[in-house]
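Enquirer: Take a look at entry-v3.cif, mmCIF, C-alpha atoms, pLDDT in the B column; chains and numbers go by the auth columns:
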```cif
data_start
loop_
_atom_site.group_PDB
_atom_site.id
_atom_site.type_symbol
_atom_site.label_atom_id
_atom_site.label_comp_id
_atom_site.label_asym_id
_atom_site.label_seq_id
_atom_site.Cartn_x
_atom_site.Cartn_y
_atom_site.Cartn_z
_atom_site.B_iso_or_equiv
_atom_site.auth_seq_id
_atom_site.auth_asym_id
ATOM 1 C CA MET A 1 -92.282 103.416 -99.825 79.00 1465 A
ATOM 2 C CA GLU A 2 -92.124 107.182 -99.646 89.00 1466 A
ATOM 3 C CA LEU A 3 -95.330 109.155 -99.369 93.00 1467 A
ATOM 4 C CA HIS A 4 -95.712 112.615 -100.905 91.00 1468 A
ATOM 5 C CA ILE A 5 -98.845 114.034 -99.322 92.00 1469 A
ATOM 6 C CA THR A 6 -97.917 117.242 -97.508 92.00 1470 A
ATOM 7 C CA GLY A 7 -95.296 119.010 -99.601 89.00 1471 A
ATOM 8 C CA ASP A 8 -93.143 119.014 -96.438 94.00 1472 A
ATOM 9 C CA GLU A 9 -90.275 116.544 -96.807 94.00 1473 A
ATOM 10 C CA ALA A 10 -89.852 115.891 -93.067 97.00 1474 A
ATOM 11 C CA ALA A 11 -93.593 115.428 -92.492 97.00 1475 A
ATOM 12 C CA ASP A 12 -93.864 113.062 -95.465 96.00 1476 A
ATOM 13 C CA ARG A 13 -90.868 111.071 -94.219 96.00 1477 A
ATOM 14 C CA LEU A 14 -92.532 110.655 -90.815 98.00 1478 A
ATOM 15 C CA LEU A 15 -95.769 109.492 -92.475 97.00 1479 A
ATOM 16 C CA SER A 16 -93.803 107.076 -94.652 96.00 1480 A
ATOM 17 C CA HIS A 17 -91.976 105.419 -91.774 97.00 1481 A
ATOM 18 C CA ASP A 18 -94.293 105.715 -88.768 98.00 1482 A
ATOM 19 C CA PRO A 19 -97.638 103.905 -89.079 98.00 1483 A
ATOM 20 C CA LEU A 20 -99.076 105.776 -86.072 98.00 1484 A
ATOM 21 C CA ALA A 21 -98.240 109.101 -87.724 98.00 1485 A
ATOM 22 C CA LEU A 22 -100.110 108.006 -90.843 98.00 1486 A
ATOM 23 C CA LEU A 23 -103.112 106.867 -88.793 98.00 1487 A
ATOM 24 C CA ILE A 24 -103.203 110.159 -86.851 98.00 1488 A
ATOM 25 C CA GLY A 25 -102.896 112.146 -90.092 98.00 1489 A
ATOM 26 C CA MET A 26 -105.913 110.321 -91.478 98.00 1490 A
ATOM 27 C CA LEU A 27 -107.882 110.986 -88.307 98.00 1491 A
ATOM 28 C CA LEU A 28 -107.067 114.703 -88.540 98.00 1492 A
ATOM 29 C CA ASP A 29 -108.161 114.848 -92.198 96.00 1493 A
ATOM 30 C CA GLN A 30 -111.517 116.535 -91.734 94.00 1494 A
ATOM 31 C CA GLN A 31 -112.575 120.154 -92.077 93.00 1495 A
ATOM 32 C CA ILE A 32 -109.025 121.266 -92.918 94.00 1496 A
ATOM 33 C CA ALA A 33 -106.737 120.965 -95.932 91.00 1497 A
ATOM 34 C CA MET A 34 -105.262 117.490 -96.423 90.00 1498 A
ATOM 35 C CA GLU A 35 -101.718 118.818 -96.270 92.00 1499 A
ATOM 36 C CA THR A 36 -102.430 120.492 -92.924 95.00 1500 A
ATOM 37 C CA ALA A 37 -104.006 117.333 -91.531 97.00 1501 A
ATOM 38 C CA PHE A 38 -101.111 115.117 -92.542 97.00 1502 A
ATOM 39 C CA THR A 39 -98.476 117.544 -91.197 97.00 1503 A
ATOM 40 C CA GLY A 40 -100.236 117.288 -87.814 98.00 1504 A
ATOM 41 C CA PRO A 41 -98.324 114.200 -86.641 98.00 1505 A
ATOM 42 C CA LYS A 42 -94.974 115.972 -87.178 98.00 1506 A
ATOM 43 C CA LYS A 43 -96.196 119.006 -85.230 98.00 1507 A
ATOM 44 C CA ILE A 44 -97.339 116.710 -82.417 98.00 1508 A
ATOM 45 C CA LYS A 45 -94.025 114.857 -82.373 98.00 1509 A
ATOM 46 C CA ASP A 46 -91.998 118.071 -82.471 98.00 1510 A
ATOM 47 C CA ARG A 47 -94.008 119.576 -79.611 98.00 1511 A
ATOM 48 C CA THR A 48 -94.269 116.518 -77.349 97.00 1512 A
ATOM 49 C CA GLY A 49 -90.912 114.939 -78.134 96.00 1513 A
ATOM 50 C CA GLU A 50 -92.390 111.592 -79.117 91.00 1514 A
ATOM 51 C CA LEU A 51 -95.027 109.842 -81.132 96.00 1515 A
ATOM 52 C CA SER A 52 -96.055 106.632 -79.416 97.00 1516 A
ATOM 53 C CA ALA A 53 -99.645 105.622 -78.829 98.00 1517 A
ATOM 54 C CA SER A 54 -99.196 104.905 -75.132 98.00 1518 A
ATOM 55 C CA ALA A 55 -97.340 108.176 -74.478 98.00 1519 A
ATOM 56 C CA LEU A 56 -99.897 110.310 -76.315 98.00 1520 A
ATOM 57 C CA ALA A 57 -102.811 108.491 -74.682 98.00 1521 A
ATOM 58 C CA ALA A 58 -101.298 109.211 -71.251 97.00 1522 A
ATOM 59 C CA TYR A 59 -100.529 112.876 -72.005 97.00 1523 A
ATOM 60 C CA ALA A 60 -102.410 115.295 -69.747 97.00 1524 A
ATOM 61 C CA PRO A 61 -105.524 116.232 -71.764 98.00 1525 A
ATOM 62 C CA GLU A 62 -105.301 119.985 -71.078 98.00 1526 A
ATOM 63 C CA ALA A 63 -101.621 120.033 -72.029 98.00 1527 A
ATOM 64 C CA PHE A 64 -102.369 118.034 -75.169 98.00 1528 A
ATOM 65 C CA VAL A 65 -104.970 120.608 -76.231 98.00 1529 A
ATOM 66 C CA GLU A 66 -102.251 123.247 -75.841 98.00 1530 A
ATOM 67 C CA VAL A 67 -100.008 121.189 -78.133 98.00 1531 A
ATOM 68 C CA PHE A 68 -102.783 121.465 -80.729 98.00 1532 A
ATOM 69 C CA ARG A 69 -103.273 125.216 -80.166 97.00 1533 A
ATOM 70 C CA GLN A 70 -99.637 126.249 -80.638 97.00 1534 A
ATOM 71 C CA THR A 71 -98.994 128.205 -83.817 96.00 1535 A
ATOM 72 C CA PRO A 72 -99.276 126.862 -86.403 95.00 1536 A
ATOM 73 C CA ALA A 73 -102.237 124.928 -85.008 96.00 1537 A
ATOM 74 C CA VAL A 74 -102.445 121.183 -85.502 98.00 1538 A
ATOM 75 C CA HIS A 75 -106.167 121.505 -86.303 97.00 1539 A
ATOM 76 C CA ARG A 76 -108.785 124.251 -86.436 96.00 1540 A
ATOM 77 C CA PHE A 77 -110.715 122.439 -83.672 97.00 1541 A
ATOM 78 C CA PRO A 78 -107.924 121.837 -81.140 97.00 1542 A
ATOM 79 C CA GLY A 79 -110.029 120.664 -78.213 96.00 1543 A
ATOM 80 C CA SER A 80 -112.141 118.057 -79.939 97.00 1544 A
ATOM 81 C CA MET A 81 -109.374 116.809 -82.237 98.00 1545 A
ATOM 82 C CA ALA A 82 -106.827 116.515 -79.423 98.00 1546 A
ATOM 83 C CA GLY A 83 -109.372 114.343 -77.598 98.00 1547 A
ATOM 84 C CA ARG A 84 -109.950 112.232 -80.686 98.00 1548 A
ATOM 85 C CA VAL A 85 -106.225 111.691 -81.199 98.00 1549 A
ATOM 86 C CA GLN A 86 -105.865 110.615 -77.576 98.00 1550 A
ATOM 87 C CA ALA A 87 -108.827 108.216 -77.918 98.00 1551 A
ATOM 88 C CA LEU A 88 -107.275 106.756 -81.078 98.00 1552 A
ATOM 89 C CA CYS A 89 -103.915 106.385 -79.337 98.00 1553 A
ATOM 90 C CA GLU A 90 -105.581 104.712 -76.348 98.00 1554 A
ATOM 91 C CA ALA A 91 -107.172 102.164 -78.704 98.00 1555 A
ATOM 92 C CA VAL A 92 -103.862 101.497 -80.473 98.00 1556 A
ATOM 93 C CA ALA A 93 -102.029 101.161 -77.162 98.00 1557 A
ATOM 94 C CA THR A 94 -104.647 98.898 -75.583 98.00 1558 A
ATOM 95 C CA ASP A 95 -105.980 96.844 -78.503 98.00 1559 A
ATOM 96 C CA TRP A 96 -102.853 96.665 -80.689 98.00 1560 A
ATOM 97 C CA ASP A 97 -100.003 96.569 -78.149 97.00 1561 A
ATOM 98 C CA ASP A 98 -98.861 100.097 -79.052 98.00 1562 A
ATOM 99 C CA ASP A 99 -98.295 99.036 -82.692 98.00 1563 A
ATOM 100 C CA ALA A 100 -100.463 100.860 -85.241 98.00 1564 A
ATOM 101 C CA ALA A 101 -99.176 98.684 -88.096 98.00 1565 A
ATOM 102 C CA ALA A 102 -100.595 95.600 -86.363 98.00 1566 A
ATOM 103 C CA ILE A 103 -104.035 96.823 -87.470 98.00 1567 A
ATOM 104 C CA TRP A 104 -103.147 95.813 -91.023 98.00 1568 A
ATOM 105 C CA THR A 105 -100.405 93.240 -90.408 98.00 1569 A
ATOM 106 C CA LYS A 106 -101.322 91.069 -87.391 98.00 1570 A
ATOM 107 C CA GLY A 107 -102.558 87.685 -88.540 97.00 1571 A
ATOM 108 C CA ASN A 108 -102.051 88.458 -92.237 96.00 1572 A
ATOM 109 C CA PRO A 109 -105.566 89.961 -92.636 98.00 1573 A
ATOM 110 C CA ASP A 110 -107.438 90.425 -95.889 98.00 1574 A
ATOM 111 C CA GLY A 111 -108.894 93.748 -96.996 98.00 1575 A
ATOM 112 C CA ALA A 112 -112.311 93.143 -95.433 98.00 1576 A
ATOM 113 C CA GLU A 113 -110.738 92.354 -92.057 98.00 1577 A
ATOM 114 C CA VAL A 114 -108.539 95.470 -92.124 98.00 1578 A
ATOM 115 C CA LEU A 115 -111.605 97.551 -92.971 98.00 1579 A
ATOM 116 C CA ARG A 116 -113.461 96.010 -90.024 98.00 1580 A
ATOM 117 C CA ARG A 117 -110.507 96.747 -87.714 98.00 1581 A
ATOM 118 C CA LEU A 118 -110.235 100.333 -88.915 98.00 1582 A
ATOM 119 C CA LYS A 119 -113.955 100.970 -88.436 98.00 1583 A
ATOM 120 C CA LYS A 120 -113.615 99.932 -84.782 98.00 1584 A
ATOM 121 C CA LEU A 121 -111.096 102.726 -84.161 98.00 1585 A
ATOM 122 C CA PRO A 122 -112.317 105.966 -82.574 97.00 1586 A
ATOM 123 C CA GLY A 123 -112.897 108.575 -85.267 96.00 1587 A
ATOM 124 C CA PHE A 124 -112.906 106.115 -88.179 97.00 1588 A
ATOM 125 C CA GLY A 125 -116.275 105.735 -89.839 97.00 1589 A
ATOM 126 C CA GLU A 126 -116.986 103.825 -93.035 97.00 1590 A
ATOM 127 C CA GLN A 127 -115.639 106.428 -95.468 96.00 1591 A
ATOM 128 C CA LYS A 128 -112.486 107.300 -93.516 97.00 1592 A
ATOM 129 C CA ALA A 129 -111.732 103.596 -93.019 98.00 1593 A
ATOM 130 C CA LYS A 130 -112.141 102.891 -96.741 98.00 1594 A
ATOM 131 C CA ILE A 131 -109.928 105.828 -97.719 97.00 1595 A
ATOM 132 C CA PHE A 132 -107.240 104.713 -95.273 98.00 1596 A
ATOM 133 C CA LEU A 133 -107.417 101.126 -96.542 98.00 1597 A
ATOM 134 C CA ALA A 134 -107.012 102.451 -100.098 98.00 1598 A
ATOM 135 C CA LEU A 135 -104.010 104.488 -98.962 97.00 1599 A
ATOM 136 C CA LEU A 136 -102.473 101.372 -97.404 98.00 1600 A
ATOM 137 C CA GLY A 137 -103.039 99.381 -100.589 97.00 1601 A
ATOM 138 C CA LYS A 138 -102.049 101.999 -103.125 97.00 1602 A
ATOM 139 C CA GLN A 139 -99.054 103.515 -101.381 94.00 1603 A
ATOM 140 C CA TYR A 140 -98.085 101.705 -98.170 94.00 1604 A
ATOM 141 C CA GLY A 141 -97.458 98.185 -99.412 94.00 1605 A
ATOM 142 C CA PHE A 142 -100.554 96.471 -97.992 96.00 1606 A
ATOM 143 C CA ASP A 143 -101.499 93.632 -100.347 96.00 1607 A
ATOM 144 C CA GLY A 144 -104.121 91.687 -98.419 96.00 1608 A
ATOM 145 C CA ASP A 145 -106.654 89.872 -100.579 97.00 1609 A
ATOM 146 C CA GLY A 146 -109.616 91.976 -101.596 98.00 1610 A
ATOM 147 C CA TRP A 147 -108.307 95.331 -100.399 98.00 1611 A
ATOM 148 C CA ARG A 148 -109.487 97.124 -103.553 97.00 1612 A
ATOM 149 C CA GLU A 149 -112.994 95.719 -103.209 97.00 1613 A
ATOM 150 C CA ALA A 150 -113.148 96.452 -99.474 98.00 1614 A
ATOM 151 C CA SER A 151 -111.997 100.038 -100.022 98.00 1615 A
ATOM 152 C CA ALA A 152 -114.294 100.707 -103.017 97.00 1616 A
ATOM 153 C CA PRO A 153 -114.574 103.160 -104.621 96.00 1617 A
ATOM 154 C CA TYR A 154 -111.329 104.607 -103.191 97.00 1618 A
ATOM 155 C CA GLY A 155 -109.202 101.601 -104.123 96.00 1619 A
ATOM 156 C CA GLU A 156 -110.001 101.919 -107.815 95.00 1620 A
ATOM 157 C CA ALA A 157 -106.830 102.070 -109.903 94.00 1621 A
ATOM 158 C CA GLY A 158 -106.214 105.345 -111.712 92.00 1622 A
ATOM 159 C CA SER A 159 -108.710 107.339 -109.651 93.00 1623 A
ATOM 160 C CA PHE A 160 -108.165 110.722 -108.016 94.00 1624 A
ATOM 161 C CA ARG A 161 -110.745 110.641 -105.222 93.00 1625 A
ATOM 162 C CA SER A 162 -108.789 110.962 -101.987 94.00 1626 A
ATOM 163 C CA VAL A 163 -105.498 111.241 -100.160 94.00 1627 A
ATOM 164 C CA ALA A 164 -104.870 107.636 -101.248 95.00 1628 A
ATOM 165 C CA ASP A 165 -104.237 108.972 -104.750 95.00 1629 A
ATOM 166 C CA ILE A 166 -101.834 111.809 -103.923 92.00 1630 A
ATOM 167 C CA THR A 167 -98.321 111.081 -105.122 90.00 1631 A
ATOM 168 C CA SER A 168 -97.337 114.494 -106.520 87.00 1632 A
ATOM 169 C CA PRO A 169 -98.505 118.117 -106.791 85.00 1633 A
ATOM 170 C CA GLU A 170 -100.267 117.153 -110.027 89.00 1634 A
ATOM 171 C CA SER A 171 -102.224 114.324 -108.438 91.00 1635 A
ATOM 172 C CA LEU A 172 -103.091 116.608 -105.498 88.00 1636 A
ATOM 173 C CA ALA A 173 -104.606 119.077 -107.971 88.00 1637 A
ATOM 174 C CA LYS A 174 -106.653 116.270 -109.563 93.00 1638 A
ATOM 175 C CA VAL A 175 -107.931 115.112 -106.145 92.00 1639 A
ATOM 176 C CA ARG A 176 -108.914 118.705 -105.313 88.00 1640 A
ATOM 177 C CA GLU A 177 -110.760 118.996 -108.641 91.00 1641 A
ATOM 178 C CA HIS A 178 -112.635 115.766 -107.911 90.00 1642 A
ATOM 179 C CA LYS A 179 -113.611 116.918 -104.396 86.00 1643 A
ATOM 180 C CA LYS A 180 -114.777 120.293 -105.733 87.00 1644 A
ATOM 181 C CA ALA A 181 -116.930 118.549 -108.345 89.00 1645 A
ATOM 182 C CA MET A 182 -118.426 116.232 -105.723 87.00 1646 A
ATOM 183 C CA LYS A 183 -119.327 119.192 -103.467 86.00 1647 A
ATOM 184 C CA ALA A 184 -120.900 121.040 -106.378 88.00 1648 A
ATOM 185 C CA ALA A 185 -122.917 117.946 -107.319 89.00 1649 A
ATOM 186 C CA ALA A 186 -124.092 117.522 -103.724 89.00 1650 A
ATOM 187 C CA LYS A 187 -125.324 121.129 -103.615 87.00 1651 A
ATOM 188 C CA GLY A 188 -126.869 120.688 -106.943 75.00 1652 A
#
```
Show how you would write the structure in this file as structure tokens.

Expert:
Amino acid sequence: MELHITGDEAADRLLSHDPLALLIGMLLDQQIAMETAFTGPKKIKDRTGELSASALAAYAPEAFVEVFRQTPAVHRFPGSMAGRVQALCEAVATDWDDDAAAIWTKGNPDGAEVLRRLKKLPGFGEQKAKIFLALLGKQYGFDGDGWREASAPYGEAGSFRSVADITSPESLAKVREHKKAMKAAAKG
């Protein structure tokens, strides 16, 4: 399956074929534009020469912050987000034998189990875990029982709530409209 999240063909290809890249992109998706967040893994790979959980976890923390600071920046908060990416990579390396996809494939888990696994990851709270589960189910081929229910409301078919629903520039615009409406309602 080919993802179309960033508008950058090479970044989208990396997200489509590297589960760790997709996981890191989701982690970075806060307080910056979605496209910027999901191009982060490609920037990291280009600047470090690799994208493996164990290698990134072992990277010198100060040097890794510099990877984030290079122009264009990986994230607007390079120090804290570099640390979060390293913590996530440490968890993937230690708990999942350096295989991010094992989070949703090992033992043929159902949707509720994948959600539980995601919520245990550093930087993945309830909402982020549900959005990522919806992304796995809607676009990444995950078909574990109950994934739509476990990812509710993000797993709902035909919705435009999150990155899980972005498949084109048109769907990106609809997701942005939905997010804008939700912010306006929250201020309300």

Enquirer: For this file, the PyMOL selection byres ((chain A and resi 1626-1629) around 10) selects which residues, as a count of residues only?

Expert: 38

Enquirer: Using only C-alpha atoms, which residue out of A:Tyr1523, A:Gln1494, A:Glu1473, A:Trp1568 lies closest to A:Val1538?

Expert: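 Once distances to A:Val1538 are computed over only C-alpha atoms, the minimum belongs to A:Gln1494.
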
Enquirer: Name the residues that the PyMOL selection byres ((chain A and resi 1552-1564) around 9) picks from the file above, as JSON, numbers by chain, using the file's chain letters and numbers.

Expert: {"A": [1482, 1483, 1484, 1485, 1487, 1488, 1491, 1516, 1517, 1518, 1519, 1520, 1521, 1522, 1547, 1548, 1549, 1550, 1551, 1565, 1566, 1567, 1568, 1570, 1585, 1586, 1587]}

Enquirer: Which value, in Å to one decimal, gives the distance between atom CA of A:Phe1532 and atom CA of A:Met1545?

Expert: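 These two atoms are separated by 8.2 Å.
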
Enquirer: In Å, with one decimal, what is the gap from atom CA of A:Arg1511 to atom CA of A:Pro1633?

Expert: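 Atom-to-atom, atom CA of A:Arg1511 to atom CA of A:Pro1633, that is 27.6 Å.
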
Enquirer: If we count only C-alpha atoms and set the cut-off at 9 Å, which residues sit around A:Gly1575, ignoring sequence neighbours fewer than 6 positions away in its own chain? Please answer as a tab-separated table (two decimals) with C-alpha atoms, keeping the file's coordinate frame.

Expert:
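Once everything was written out, this is selection_17.tsv:
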```
chain	number	residue	atom	x	y	z
A	1568	TRP	CA	-103.15	95.81	-91.02
A	1597	LEU	CA	-107.42	101.13	-96.54
A	1601	GLY	CA	-103.04	99.38	-100.59
A	1606	PHE	CA	-100.55	96.47	-97.99
A	1607	ASP	CA	-101.50	93.63	-100.35
A	1608	GLY	CA	-104.12	91.69	-98.42
A	1609	ASP	CA	-106.65	89.87	-100.58
A	1610	GLY	CA	-109.62	91.98	-101.60
A	1611	TRP	CA	-108.31	95.33	-100.40
A	1612	ARG	CA	-109.49	97.12	-103.55
A	1613	GLU	CA	-112.99	95.72	-103.21
A	1614	ALA	CA	-113.15	96.45	-99.47
A	1615	SER	CA	-112.00	100.04	-100.02
```

Enquirer: Counting all atoms listed in the file, which of A:Ile1508, A:Leu1515, A:Ala1497, A:Ala1649 gets nearest to A:His1481?

Expert: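 Closest to A:His1481 of all the choices is A:Leu1515.
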
Enquirer: Please, what distance in Å, to one decimal, runs between atom CA of A:Asp1510 and atom CA of A:Gly1605?

Expert: 26.7 Å
